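What's in structure.txt: compact mmCIF, C-alpha atoms
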```txt
# COMPACT_ATOMS: atom_id res chain seq x y z
CA MET J 449 -85.48 17.78 6.80
CA ALA J 450 -83.22 18.13 3.77
CA ASN J 451 -81.09 15.20 2.72
CA THR J 452 -77.46 15.97 3.55
CA SER J 453 -76.05 12.94 1.71
CA THR J 454 -73.21 13.77 -0.66
CA LYS J 455 -74.06 10.82 -2.91
CA ILE J 456 -77.40 9.58 -4.22
CA ASP J 457 -77.27 6.15 -5.86
CA ILE J 458 -79.27 5.40 -9.00
CA ILE J 459 -81.13 2.12 -9.45
CA ASP J 460 -82.02 1.78 -13.11
CA CYS J 461 -85.22 -0.09 -14.02
CA SER J 462 -85.09 0.27 -17.81
CA PHE J 463 -84.81 -3.48 -18.42
CA ARG J 464 -87.87 -4.44 -16.36
CA ASP J 465 -90.18 -1.44 -16.02
CA GLY J 466 -89.03 0.02 -19.32
CA GLU J 467 -90.14 -3.04 -21.26
CA GLN J 468 -93.66 -2.53 -19.93
CA SER J 469 -93.94 0.48 -22.24
CA PRO J 470 -95.96 -0.15 -25.41
CA GLY J 471 -93.58 -0.87 -28.28
CA ILE J 472 -90.46 -1.16 -26.11
CA TRP J 473 -88.48 -4.39 -26.28
CA PHE J 474 -84.72 -4.93 -26.02
CA ASP J 475 -83.03 -7.87 -27.69
CA PHE J 476 -80.06 -9.75 -26.19
CA ASP J 477 -77.33 -7.54 -27.66
CA GLU J 478 -79.20 -4.33 -26.85
CA LYS J 479 -79.54 -5.32 -23.20
CA LEU J 480 -75.84 -6.11 -22.94
CA ALA J 481 -74.91 -2.79 -24.55
CA LEU J 482 -77.32 -0.88 -22.31
CA ALA J 483 -76.01 -2.62 -19.20
CA ARG J 484 -72.44 -1.65 -20.08
CA ALA J 485 -73.41 1.96 -20.83
CA LEU J 486 -75.39 2.38 -17.61
CA SER J 487 -72.60 0.89 -15.51
CA GLU J 488 -70.01 3.13 -17.17
CA ALA J 489 -72.27 6.14 -16.53
CA GLY J 490 -72.16 5.44 -12.80
CA VAL J 491 -75.49 3.67 -12.20
CA ALA J 492 -75.16 1.76 -8.92
CA VAL J 493 -77.70 -1.02 -9.46
CA LEU J 494 -79.35 -2.56 -12.52
CA ASP J 495 -82.85 -3.91 -11.93
CA ALA J 496 -82.13 -6.20 -14.84
CA GLY J 497 -85.34 -8.16 -15.13
CA PHE J 498 -87.83 -10.67 -13.78
CA PRO J 499 -86.03 -14.02 -14.19
CA ALA J 500 -88.99 -16.15 -13.13
CA SER J 501 -90.86 -14.99 -16.24
CA SER J 502 -88.76 -16.92 -18.78
CA SER J 503 -85.56 -18.85 -19.42
CA GLU J 504 -84.51 -16.09 -21.82
CA GLU J 505 -84.65 -13.58 -18.97
CA ILE J 506 -82.35 -15.79 -16.92
CA GLU J 507 -79.91 -16.18 -19.82
CA ILE J 508 -79.56 -12.44 -20.45
CA MET J 509 -79.00 -11.77 -16.76
CA GLN J 510 -76.34 -14.48 -16.64
CA ALA J 511 -74.66 -12.83 -19.62
CA ILE J 512 -74.74 -9.43 -17.89
CA ALA J 513 -73.23 -10.99 -14.78
CA HIS J 514 -70.34 -12.32 -16.87
CA GLU J 515 -69.59 -8.77 -18.05
CA ASP J 516 -68.08 -8.06 -14.61
CA LEU J 517 -69.66 -4.61 -14.45
CA VAL J 518 -69.20 -2.11 -11.63
CA ALA J 519 -72.99 -1.86 -11.25
CA THR J 520 -74.67 -4.41 -8.99
CA LEU J 521 -76.94 -6.88 -10.79
CA GLY J 522 -80.46 -6.96 -9.36
CA ALA J 523 -83.50 -9.10 -10.14
CA THR J 524 -87.18 -8.57 -9.41
CA ALA J 525 -89.11 -11.34 -7.69
CA ARG J 526 -92.37 -12.02 -5.96
CA PRO J 527 -91.96 -13.31 -2.39
CA ILE J 528 -92.31 -16.94 -3.46
CA HIS J 529 -89.81 -19.81 -3.64
CA ARG J 530 -89.81 -20.21 -7.43
CA ASP J 531 -89.05 -16.53 -8.08
CA ILE J 532 -86.22 -16.37 -5.55
CA VAL J 533 -84.58 -19.51 -6.93
CA SER J 534 -84.83 -18.03 -10.45
CA ALA J 535 -83.13 -14.82 -9.27
CA ASP J 536 -80.30 -16.87 -7.80
CA LYS J 537 -80.00 -18.90 -11.01
CA ALA J 538 -79.73 -15.61 -12.93
CA HIS J 539 -76.70 -14.69 -10.76
CA ALA J 540 -78.45 -11.72 -9.16
CA GLU J 541 -76.47 -10.04 -6.40
CA GLU J 542 -79.59 -8.35 -5.04
CA VAL J 543 -83.19 -9.52 -5.25
CA PHE J 544 -86.02 -6.97 -5.24
CA LEU J 545 -88.96 -8.57 -3.43
CA PHE J 546 -92.29 -6.98 -4.36
CA MET J 547 -94.92 -6.82 -1.61
CA PRO J 548 -98.24 -4.90 -1.71
CA THR J 549 -98.74 -2.71 1.35
CA SER J 550 -102.01 -0.81 0.91
CA ASN J 551 -105.16 -2.33 2.39
CA LEU J 552 -106.75 -2.16 -1.06
CA ARG J 553 -104.07 -4.33 -2.66
CA LEU J 554 -103.67 -6.67 0.31
CA ASN J 555 -107.29 -7.32 1.17
CA THR J 556 -109.22 -6.77 -2.04
CA THR J 557 -106.73 -8.05 -4.63
CA LEU J 558 -104.89 -10.77 -2.71
CA GLY J 559 -107.19 -11.56 0.19
CA TRP J 560 -104.29 -11.28 2.66
CA SER J 561 -104.22 -9.81 6.14
CA ARG J 562 -101.30 -7.61 7.19
CA GLU J 563 -100.03 -10.43 9.39
CA THR J 564 -100.07 -12.90 6.49
CA ALA J 565 -98.22 -10.46 4.22
CA SER J 566 -95.58 -9.85 6.90
CA GLU J 567 -94.99 -13.59 7.38
CA ILE J 568 -94.71 -14.24 3.63
CA LEU J 569 -92.29 -11.35 3.13
CA THR J 570 -90.08 -12.35 6.07
CA GLN J 571 -89.89 -15.98 4.92
CA ALA J 572 -88.97 -14.88 1.39
CA ALA J 573 -86.30 -12.48 2.64
CA CYS J 574 -84.77 -15.22 4.78
CA GLN J 575 -84.67 -17.56 1.78
CA ALA J 576 -82.94 -14.93 -0.36
CA ALA J 577 -80.38 -14.32 2.39
CA GLU J 578 -79.69 -18.05 2.68
CA LEU J 579 -78.85 -18.05 -1.03
CA GLY J 580 -76.40 -15.19 -0.47
CA MET J 581 -78.33 -12.39 -2.17
CA GLN J 582 -78.70 -8.91 -0.73
CA ILE J 583 -82.33 -7.86 -0.39
CA GLY J 584 -84.27 -4.90 -1.70
CA ILE J 585 -87.85 -4.67 -0.48
CA VAL J 586 -90.28 -3.00 -2.89
CA PHE J 587 -93.39 -1.84 -1.08
CA GLU J 588 -95.98 -1.75 -3.84
CA ASP J 589 -98.70 0.92 -3.64
CA ALA J 590 -96.89 2.37 -0.64
CA THR J 591 -98.13 5.92 -1.15
CA ARG J 592 -101.68 4.69 -0.47
CA ALA J 593 -100.62 2.52 2.48
CA ASP J 594 -100.54 3.19 6.22
CA PRO J 595 -97.02 4.52 6.98
CA ALA J 596 -97.18 2.91 10.43
CA TYR J 597 -97.54 -0.51 8.77
CA ILE J 598 -94.52 0.14 6.54
CA ILE J 599 -92.47 1.16 9.60
CA GLU J 600 -93.59 -2.00 11.41
CA LEU J 601 -92.54 -4.17 8.47
CA VAL J 602 -89.14 -2.52 8.12
CA ASN J 603 -88.35 -2.69 11.82
CA GLY J 604 -89.30 -6.38 11.84
CA LEU J 605 -87.07 -7.16 8.86
CA GLN J 606 -84.17 -5.22 10.36
CA GLN J 607 -84.40 -7.31 13.52
CA VAL J 608 -84.42 -10.61 11.62
CA LEU J 609 -81.93 -9.77 8.84
CA PRO J 610 -79.95 -6.69 9.90
CA GLU J 611 -77.04 -7.33 7.52
CA TRP J 612 -79.03 -8.27 4.43
CA ILE J 613 -81.57 -5.50 3.77
CA GLU J 614 -79.93 -3.27 1.16
CA HIS J 615 -82.78 -1.03 -0.05
CA ILE J 616 -86.35 -0.20 0.97
CA ILE J 617 -88.20 1.02 -2.10
CA ILE J 618 -91.38 3.07 -1.69
CA ALA J 619 -93.41 2.66 -4.87
CA ASP J 620 -95.94 5.25 -5.97
CA SER J 621 -97.46 2.47 -8.04
CA VAL J 622 -100.44 4.37 -9.41
CA GLY J 623 -98.66 7.73 -9.71
CA CYS J 624 -100.99 9.49 -7.31
CA SER J 625 -98.51 11.25 -5.01
CA LYS J 626 -97.55 14.93 -4.93
CA PRO J 627 -94.12 16.34 -4.05
CA GLU J 628 -95.29 17.70 -0.71
CA SER J 629 -96.78 14.40 0.43
CA MET J 630 -93.80 12.43 -0.89
CA GLN J 631 -91.32 14.54 1.04
CA ALA J 632 -93.42 14.28 4.21
CA LEU J 633 -93.69 10.49 3.85
CA PHE J 634 -89.94 10.02 3.46
CA GLN J 635 -89.26 12.32 6.39
CA ARG J 636 -91.55 10.23 8.58
CA LEU J 637 -90.04 6.93 7.46
CA HIS J 638 -86.48 8.19 7.82
CA GLN J 639 -87.11 9.55 11.30
CA ALA J 640 -88.85 6.36 12.44
CA CYS J 641 -86.27 3.86 11.15
CA GLY J 642 -83.07 5.86 11.17
CA SER J 643 -80.17 5.96 8.75
CA GLU J 644 -79.66 2.18 8.92
CA VAL J 645 -82.23 1.88 6.13
CA THR J 646 -81.57 3.08 2.57
CA TRP J 647 -84.89 4.59 1.47
CA VAL J 648 -85.63 4.75 -2.26
CA PRO J 649 -88.56 6.28 -4.20
CA HIS J 650 -90.04 4.53 -7.24
CA CYS J 651 -92.30 7.03 -8.99
CA HIS J 652 -94.65 6.79 -11.95
CA ASN J 653 -95.55 9.69 -14.18
CA ASP J 654 -99.35 9.52 -14.41
CA PHE J 655 -99.70 13.18 -13.41
CA GLY J 656 -96.33 14.29 -14.80
CA LEU J 657 -94.76 14.35 -11.34
CA ALA J 658 -92.43 11.34 -11.34
CA SER J 659 -89.22 13.39 -11.39
CA ALA J 660 -90.59 16.02 -9.02
CA ASN J 661 -91.73 13.35 -6.57
CA THR J 662 -88.35 11.63 -6.79
CA LEU J 663 -86.49 14.84 -5.97
CA ALA J 664 -88.92 15.55 -3.13
CA ALA J 665 -88.18 12.11 -1.69
CA VAL J 666 -84.46 12.96 -1.72
CA GLN J 667 -85.25 16.12 0.21
CA GLY J 668 -87.12 13.92 2.68
CA GLY J 669 -84.16 11.63 3.27
CA ALA J 670 -83.95 9.17 0.36
CA GLN J 671 -80.40 7.98 -0.29
CA ALA J 672 -81.06 6.39 -3.68
CA VAL J 673 -83.59 6.77 -6.50
CA THR J 674 -85.06 4.55 -9.22
CA THR J 675 -85.08 5.80 -12.81
CA THR J 676 -85.35 4.60 -16.40
CA VAL J 677 -83.64 5.80 -19.56
CA ASN J 678 -85.75 8.60 -21.08
CA GLY J 679 -88.47 7.90 -18.48
CA ILE J 680 -89.79 4.78 -20.23
CA GLY J 681 -92.05 2.54 -18.17
CA GLU J 682 -95.56 1.22 -17.72
CA ARG J 683 -98.49 3.55 -18.36
CA ALA J 684 -97.12 7.13 -18.42
CA GLY J 685 -93.56 6.09 -17.60
CA ASN J 686 -91.10 6.50 -14.71
CA ALA J 687 -88.77 9.17 -13.42
```

In structure tokens, write the structure found in this file.
Amino acid sequence: MANTSTKIDIIDCSFRDGEQSPGIWFDFDEKLALARALSEAGVAVLDAGFPASSSEEIEIMQAIAHEDLVATLGATARPIHRDIVSADKAHAEEVFLFMPTSNLRLNTTLGWSRETASEILTQAACQAAELGMQIGIVFEDATRADPAYIIELVNGLQQVLPEWIEHIIIADSVGCSKPESMQALFQRLHQACGSEVTWVPHCHNDFGLASANTLAAVQGGAQAVTTTVNGIGERAGNA
């Protein structure tokens, strides 16, 4: 199933994921200049940082918000109260809630059941909505997760917060996917949840396939993509 959308939005992650590259760090003025340039270039959303990490992160996001850019200002957060409050304090219009989805990350790393993860995510999404922020859900390690579980989570969130879920981001967190499997995954998700959900790939370049996997996701039905300037990002980089 080829994507017939006439417009594919770009969510830029250079501020957050980009600064996880060795040797990459943007100062205050550089972040403001980059935010302006990306917005003027037509980027739809800026994943502008992780405000719970420091007061400086909150200050730079507040400064970007005061620029009155066309691009939407987004903030990354864990599904916990402190992070969501920090995103609101940073004047984020959309909060990207990170949630592991593979059994390996849920059970082995966090010691959570699927039911526990679903409850935590739903509570966090409701809190973000109460503060007036749109919600992007980032399913971490999603390419190693059970697609049926992802579909269950999305359908549940759509029932609880139908007007607030802006993006569903499928993260190839360890860069293990191939274009064929990425396209098939997005086709399955798109068919199961319909066009009400904006599906987005987030690909890492461990095997040199981040851009290829991103384009394959678009062919599978993705309506937006995540990228970074020059492909900077943790480990081998991003699309």

Among listed residues J:Thr646, J:Asn653, J:Ser462, J:Gln635, nearest J:Ala665 (using only C-alpha atoms):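 The answer is J:Gln635, which sits nearest to J:Ala665.
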
Nearby residues (only C-alpha atoms) at most 8 Å from J:Ile568, same-chain spacing under 3 positions excluded, as an NGL selection string: :J and (527-528 or 564-565 or 571-572)

Near-J:Val586 list (8 Å; all atoms listed in the file; drop same-chain fewer than 5 positions) as a PyMOL selection string: chain J and resi 544-547+616-619

Residue nearest J:Lys455 among J:Gln631, J:Asn603, J:Gln671, J:Ser503 (counting all atoms listed in the file):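 Counting all atoms listed in the file, the residue closest to J:Lys455 is J:Gln671.
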
Protein/DNA/RNA residues near (-78.2, -7.7, -3.9), cut 8 Å, all atoms listed in the file, as a list in words: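 With a cut-off of 8 Å, the residues come to Thr520, Leu521, Gly522, Ala540, Glu541, Glu542, Val543, Phe544, Met581, Gln582, Ile583, Gly584 and Glu614 of chain J.
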
Closest of J:Ser566, J:Gln468, J:Asn686, J:Thr591 to J:Ala632 - atom-to-atom distances counting all atoms listed in the file: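 Of J:Ser566, J:Gln468, J:Asn686, J:Thr591, the one nearest J:Ala632 is J:Thr591, counting all atoms listed in the file.
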
Gap from atom CA of J:Thr524 to atom CA of J:Val608 - Å, one decimal: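 So the two atoms, atom CA of J:Thr524 and atom CA of J:Val608, lie 21.3 Å apart.
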
Contacts of J:Thr676 at 8 Å (all atoms listed in the file; same-chain gap of 5+ positions) as a VMD selection string: chain J and resid 460 to 462 465 to 466 681 686 to 687

I need the residues from that last selection saved to file as a compact mmCIF listing (two decimals), in the frame of the given file (with C-alpha atoms), if you can.
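Dumped everything to selection05.txt:
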```
# COMPACT_ATOMS: atom_id res chain seq x y z
CA ASP J 460 -82.02 1.78 -13.11
CA CYS J 461 -85.22 -0.09 -14.02
CA SER J 462 -85.09 0.27 -17.81
CA ASP J 465 -90.18 -1.44 -16.02
CA GLY J 466 -89.03 0.02 -19.32
CA GLY J 681 -92.05 2.54 -18.17
CA ASN J 686 -91.10 6.50 -14.71
CA ALA J 687 -88.77 9.17 -13.42
```

Shell of 6 Å around stretch 548-557 of chain J, all atoms listed in the file, local chain residues under 4 positions omitted, as a list in words: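 Counting only the stated atoms, we get Phe587, Glu588, Asp589, Ala590, Arg592 and Ala593 of chain J.
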
Contact residues around J:Glu478 with only C-alpha atoms at 12 Å, ignoring same-chain residues under 5 positions, as number ranges by chain: J: 462-463, 472-473, 483-485, 508, 512

Å distance separating atom CA of J:Gln607 from atom CA of J:Gln639, one decimal place: 17.2 Å
